[in-house]
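Engineer: This is the structure I have questions about; it appears just below.
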Number of protein chains: 2
Amino acid sequence: MDVLKEIMLRAKMVDVSLLKFLEVGKYDKLRQAVRHYPEAGGKRLRPVMAMTVAEAVGRRGQDAIPFGCALELIHNFSLVHDDVMDEDAMRRGRPAVHVLFDVPTAIIAGDALFALAFRVLARTPVDGERLRRLLESLSDTVYLVAEGQQMDIDFESRDDVTVEEYMEMVEKKTAVLFACAAEGGAIIGGGTEDQIQDMYEYARLAGIGFQIWDDVLGLIADEKVLGKPVGSDIRNGKRTLIAVHALEGLGAKGQKKHAAALKAFGNEKATDAQVKKVIALFQEQGSIQYGKDIALDYARRAKEKLSCLPESRERELLSEVVDFSVGRES
Amino acid sequence: MDVLKEIMLRAKMVDVSLLKFLEVGKYDKLRQAVRHYPEAGGKRLRPVMAMTVAEAVGRRGQDAIPFGCALELIHNFSLVHDDVMDEDAMRRGRPAVHVLFDVPTAIIAGDALFALAFRVLARTPVDGERLRRLLESLSDTVYLVAEGQQMDIDFESRDDVTVEEYMEMVEKKTAVLFACAAEGGAIIGGGTEDQIQDMYEYARLAGIGFQIWDDVLGLIADEKVLGKPVGSDIRNGKRTLIAVHALEGLGAKGQKKHAAALKAFGNEKATDAQVKKVIALFQEQGSIQYGKDIALDYARRAKEKLSCLPESRERELLSEVVDFSVGRES
């Protein structure tokens, strides 16, 4: 199966609806700010996940499009606010909203995307009680995402983040929105209670696996594949699982001993040679292998959860999406 | 009827539920940031409005408490983000969230309050289809509030704001959330379609009236009554209806002629004497009387809409709330 083709097929259907849902509002400047990120594209992975799960439990994927678009709008709202907080100037090859306009406009545009997400949610073609459940799930999820963002920001100024804390942050910041997508797809598709729960778990585990594998690739992949310079996570001092594992393993004593090498960690001006020394240190600590093992284990556990579904092309796709995202080294 | 006593009676019931709804989240710092404004009190006017309307159309006011709390959380979320954007350091006698913590935490706390509002909405004791309608109304409303905030911010740097634009801004930034409260109260209370629409209109008109009267009081009231220095709107160059009317009436030519007096408008260091000259100019232009007339007219039209309700104590309260808020000069 051509995984990318299957994803793109659904993503195109999502795009048509998403752009229609964005035809909203009377005040032009805000409208432009609101549309800026969603219009710039993206893989629409969350809507595609919701559609594919709805199909896998036996209904038309289209029924999950409004819900999927709500997730995509939530995802975009969090990108707009993240970019303000991280002072990132670029996103998807375009200037960030707060750069193109200003910080207040970006804050408001994020809020407006948030509001729009819930407006679109209300268009889901399910009965009112299932809508209530989707509303509960989506609002709970967004609260967790906020917790994850807060943890991520707070970690930047800490040298003692534990692996356990890191795992909680990744689960909240990234995985729960995927989990909500898959769970919602199962609810909309009329899945059984077991399927609904297993789909949540499938996407939660896969989401954590994706993120950790991303951290691994940030250290071992080619720049061309990565789309950003290798070592940028090192120069930014990003608390990835690998960094957290290495620093935790070294302890205060080990960190002192390797202070010379670690100076490049969080130093934006570090040379390539200095960055390589940090990566070598992480390698020595077994942290890169540790990251790989953990990511692959999450991927394996995610795929196990798919056994609640009848055999189908869609189930296969949900399995291959995991393999496609976790495990490749280039 | 003692209007304040009636409001407080309901506000206390709201407070009990609101604090319970805020018992959420595992991450302490975010939890504290989220609770900071709602815990500091406030008149809970939006929930009280929803409760009173639910009672007036014939149901228990308590049924409207979760929906009312959702509105209160939305109101608080917008205050948190507003204070970040306006760089206001204080709110309700306490440091603003972004001062007590930092800007990123305040942005995230606002987002979390937003998410929580929709979580609380899902607890409304109505059938799923009425919940869908409340969800549509609340999410549409929050989008309009965002538009109003954006307009308000953009107006600060413009000298050519029209009365028409000002009215649109006030309607969106302030009135629609009250309108949503009253409409939702009527939906939850099982009101007729006519009652639902008239209650929306009642609160929309009253909300615009409140805000304009507030602008009037900012120029004519005693400092003690106002709780802020008279003339602060002048020193901040705030585009109130009165200022907009005066500037529009003067035109570019008149503004040039009165440039000396107008220098105090938007000058934080203006003396009391300079501020008085601006107020006198607004008076000369008939702008203060204009503001009074408009506010009273909105109040009158709001009260007319109450005729769709059967006679009751609650209907009387809804009428007296308007008189209490629009018309007093001290």
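Residue numbering restarts at 1 in every chain; chains get A, B, ... in the order shown in the structure tokens, and ligands count up from 1 in that same order.
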Contacts from chain B to chain A, 8 Å maximum, only C-alpha atoms: show me the residue list as number ranges by chain.
Structural biologist: B: 25, 27, 30, 81, 85, 103-105, 107-109, 111-112, 115-116, 118-119, 122, 127-132, 135-136, 139-140, 142-144, 146-147, 149-150
Engineer: Going by DSSP on the backbone, which bits of stretch 4-225 of chain B are helix (DSSP H, G or I)? Write them as a PyMOL selection string, please.
Structural biologist: chain B and resi 4-21+28-39+45-56+61-86+97-100+103-121+128-155+163-188+193-220+223-225
Engineer: List the spatial neighbours of B:Val275 as a ChimeraX atom specification - criterion: any atom at most 9 Å away, only C-alpha atoms, same-chain residues fewer than 2 positions off excluded.
Structural biologist: /B:231-232,234-235,261-262,264-265,270-273,277-280
Engineer: Store the residues of this selection in a file with all heavy atoms, as a short mmCIF file (atom, residue, chain, number, x, y, z; two decimals), in the first residue's frame.
Structural biologist:
```
data_model
loop_
_atom_site.label_atom_id
_atom_site.label_comp_id
_atom_site.auth_asym_id
_atom_site.auth_seq_id
_atom_site.Cartn_x
_atom_site.Cartn_y
_atom_site.Cartn_z
N GLY B 231 -10.96 60.77 33.83
CA GLY B 231 -10.03 61.28 32.83
C GLY B 231 -9.03 60.24 32.37
O GLY B 231 -8.24 60.50 31.47
N SER B 232 -9.06 59.04 32.98
CA SER B 232 -8.08 58.04 32.53
C SER B 232 -8.37 57.63 31.08
O SER B 232 -7.44 57.36 30.33
CB SER B 232 -8.06 56.83 33.47
OG SER B 232 -9.16 55.99 33.24
N ILE B 234 -9.41 59.67 28.86
CA ILE B 234 -8.84 60.77 28.08
C ILE B 234 -7.33 60.60 27.97
O ILE B 234 -6.76 60.64 26.87
CB ILE B 234 -9.15 62.13 28.75
CG1 ILE B 234 -10.66 62.35 28.89
CG2 ILE B 234 -8.46 63.28 28.00
CD1 ILE B 234 -11.36 62.69 27.61
N ARG B 235 -6.69 60.37 29.11
CA ARG B 235 -5.22 60.23 29.10
C ARG B 235 -4.78 59.03 28.27
O ARG B 235 -3.71 59.04 27.67
CB ARG B 235 -4.70 60.11 30.54
CG ARG B 235 -4.81 61.40 31.34
CD ARG B 235 -4.04 61.31 32.66
NE ARG B 235 -4.13 62.57 33.39
CZ ARG B 235 -5.09 62.88 34.27
NH1 ARG B 235 -6.04 62.00 34.55
NH2 ARG B 235 -5.09 64.06 34.87
N ALA B 261 -6.03 71.81 22.69
CA ALA B 261 -6.81 71.09 23.70
C ALA B 261 -6.65 69.58 23.54
O ALA B 261 -6.46 68.85 24.51
CB ALA B 261 -8.29 71.47 23.60
N LEU B 262 -6.66 69.13 22.29
CA LEU B 262 -6.65 67.69 22.02
C LEU B 262 -5.30 67.03 22.33
O LEU B 262 -5.20 65.80 22.36
CB LEU B 262 -7.05 67.42 20.56
CG LEU B 262 -8.54 67.55 20.26
CD1 LEU B 262 -8.80 67.44 18.77
CD2 LEU B 262 -9.35 66.48 21.01
N ALA B 264 -3.95 66.72 25.02
CA ALA B 264 -4.07 65.92 26.25
C ALA B 264 -4.70 64.55 25.99
O ALA B 264 -4.61 63.63 26.80
CB ALA B 264 -4.88 66.67 27.29
N PHE B 265 -5.38 64.42 24.84
CA PHE B 265 -6.05 63.16 24.51
C PHE B 265 -4.99 62.14 24.07
O PHE B 265 -4.34 62.31 23.03
CB PHE B 265 -7.08 63.40 23.39
CG PHE B 265 -7.94 62.20 23.10
CD1 PHE B 265 -8.83 61.73 24.05
CD2 PHE B 265 -7.86 61.55 21.89
CE1 PHE B 265 -9.63 60.62 23.78
CE2 PHE B 265 -8.66 60.44 21.61
CZ PHE B 265 -9.54 59.98 22.56
N ALA B 270 -0.93 64.18 30.95
CA ALA B 270 -1.74 65.40 30.92
C ALA B 270 -2.18 65.78 32.34
O ALA B 270 -2.46 64.90 33.17
CB ALA B 270 -2.97 65.17 30.03
N THR B 271 -2.22 67.08 32.61
CA THR B 271 -2.67 67.56 33.92
C THR B 271 -4.19 67.50 33.99
O THR B 271 -4.87 67.36 32.97
CB THR B 271 -2.24 69.03 34.14
OG1 THR B 271 -2.91 69.83 33.14
CG2 THR B 271 -0.74 69.20 33.99
N ASP B 272 -4.70 67.65 35.24
CA ASP B 272 -6.16 67.65 35.40
C ASP B 272 -6.79 68.79 34.59
O ASP B 272 -7.85 68.61 33.99
CB ASP B 272 -6.54 67.81 36.87
CG ASP B 272 -6.33 66.51 37.65
OD1 ASP B 272 -6.00 65.49 37.00
OD2 ASP B 272 -6.47 66.52 38.88
N ALA B 273 -6.14 69.94 34.59
CA ALA B 273 -6.67 71.10 33.86
C ALA B 273 -6.75 70.79 32.36
O ALA B 273 -7.74 71.12 31.70
CB ALA B 273 -5.79 72.32 34.10
N LYS B 277 -10.14 70.43 29.82
CA LYS B 277 -10.35 71.12 28.54
C LYS B 277 -10.84 70.16 27.45
O LYS B 277 -11.68 70.53 26.63
CB LYS B 277 -9.04 71.79 28.08
CG LYS B 277 -8.89 73.18 28.67
CD LYS B 277 -7.77 73.95 28.01
CE LYS B 277 -7.48 75.19 28.84
NZ LYS B 277 -6.10 75.67 28.65
N VAL B 278 -10.31 68.95 27.47
CA VAL B 278 -10.78 67.96 26.49
C VAL B 278 -12.25 67.63 26.75
O VAL B 278 -13.07 67.61 25.83
CB VAL B 278 -9.94 66.66 26.54
CG1 VAL B 278 -10.44 65.67 25.49
CG2 VAL B 278 -8.46 66.96 26.33
N ILE B 279 -12.56 67.42 28.03
CA ILE B 279 -13.95 67.09 28.38
C ILE B 279 -14.88 68.25 27.97
O ILE B 279 -15.96 68.02 27.42
CB ILE B 279 -14.08 66.77 29.89
CG1 ILE B 279 -13.25 65.51 30.21
CG2 ILE B 279 -15.54 66.58 30.28
CD1 ILE B 279 -13.26 65.09 31.67
N ALA B 280 -14.41 69.47 28.21
CA ALA B 280 -15.22 70.64 27.82
C ALA B 280 -15.44 70.67 26.30
O ALA B 280 -16.54 70.99 25.83
CB ALA B 280 -14.53 71.93 28.28
#
```
Engineer: Please return as a list of chain:residue names: the residues of stretch 62-188 of chain A that backbone DSSP assigns to strand (DSSP E).
Structural biologist: A:Met90, A:Arg91, A:Arg94, A:Pro95
Engineer: Near stretch 282-295 of chain B, within 9 Å and counting only C-alpha atoms, which residues show up once chain neighbours fewer than 4 positions away are dropped, as a count of residues only?
Structural biologist: 26
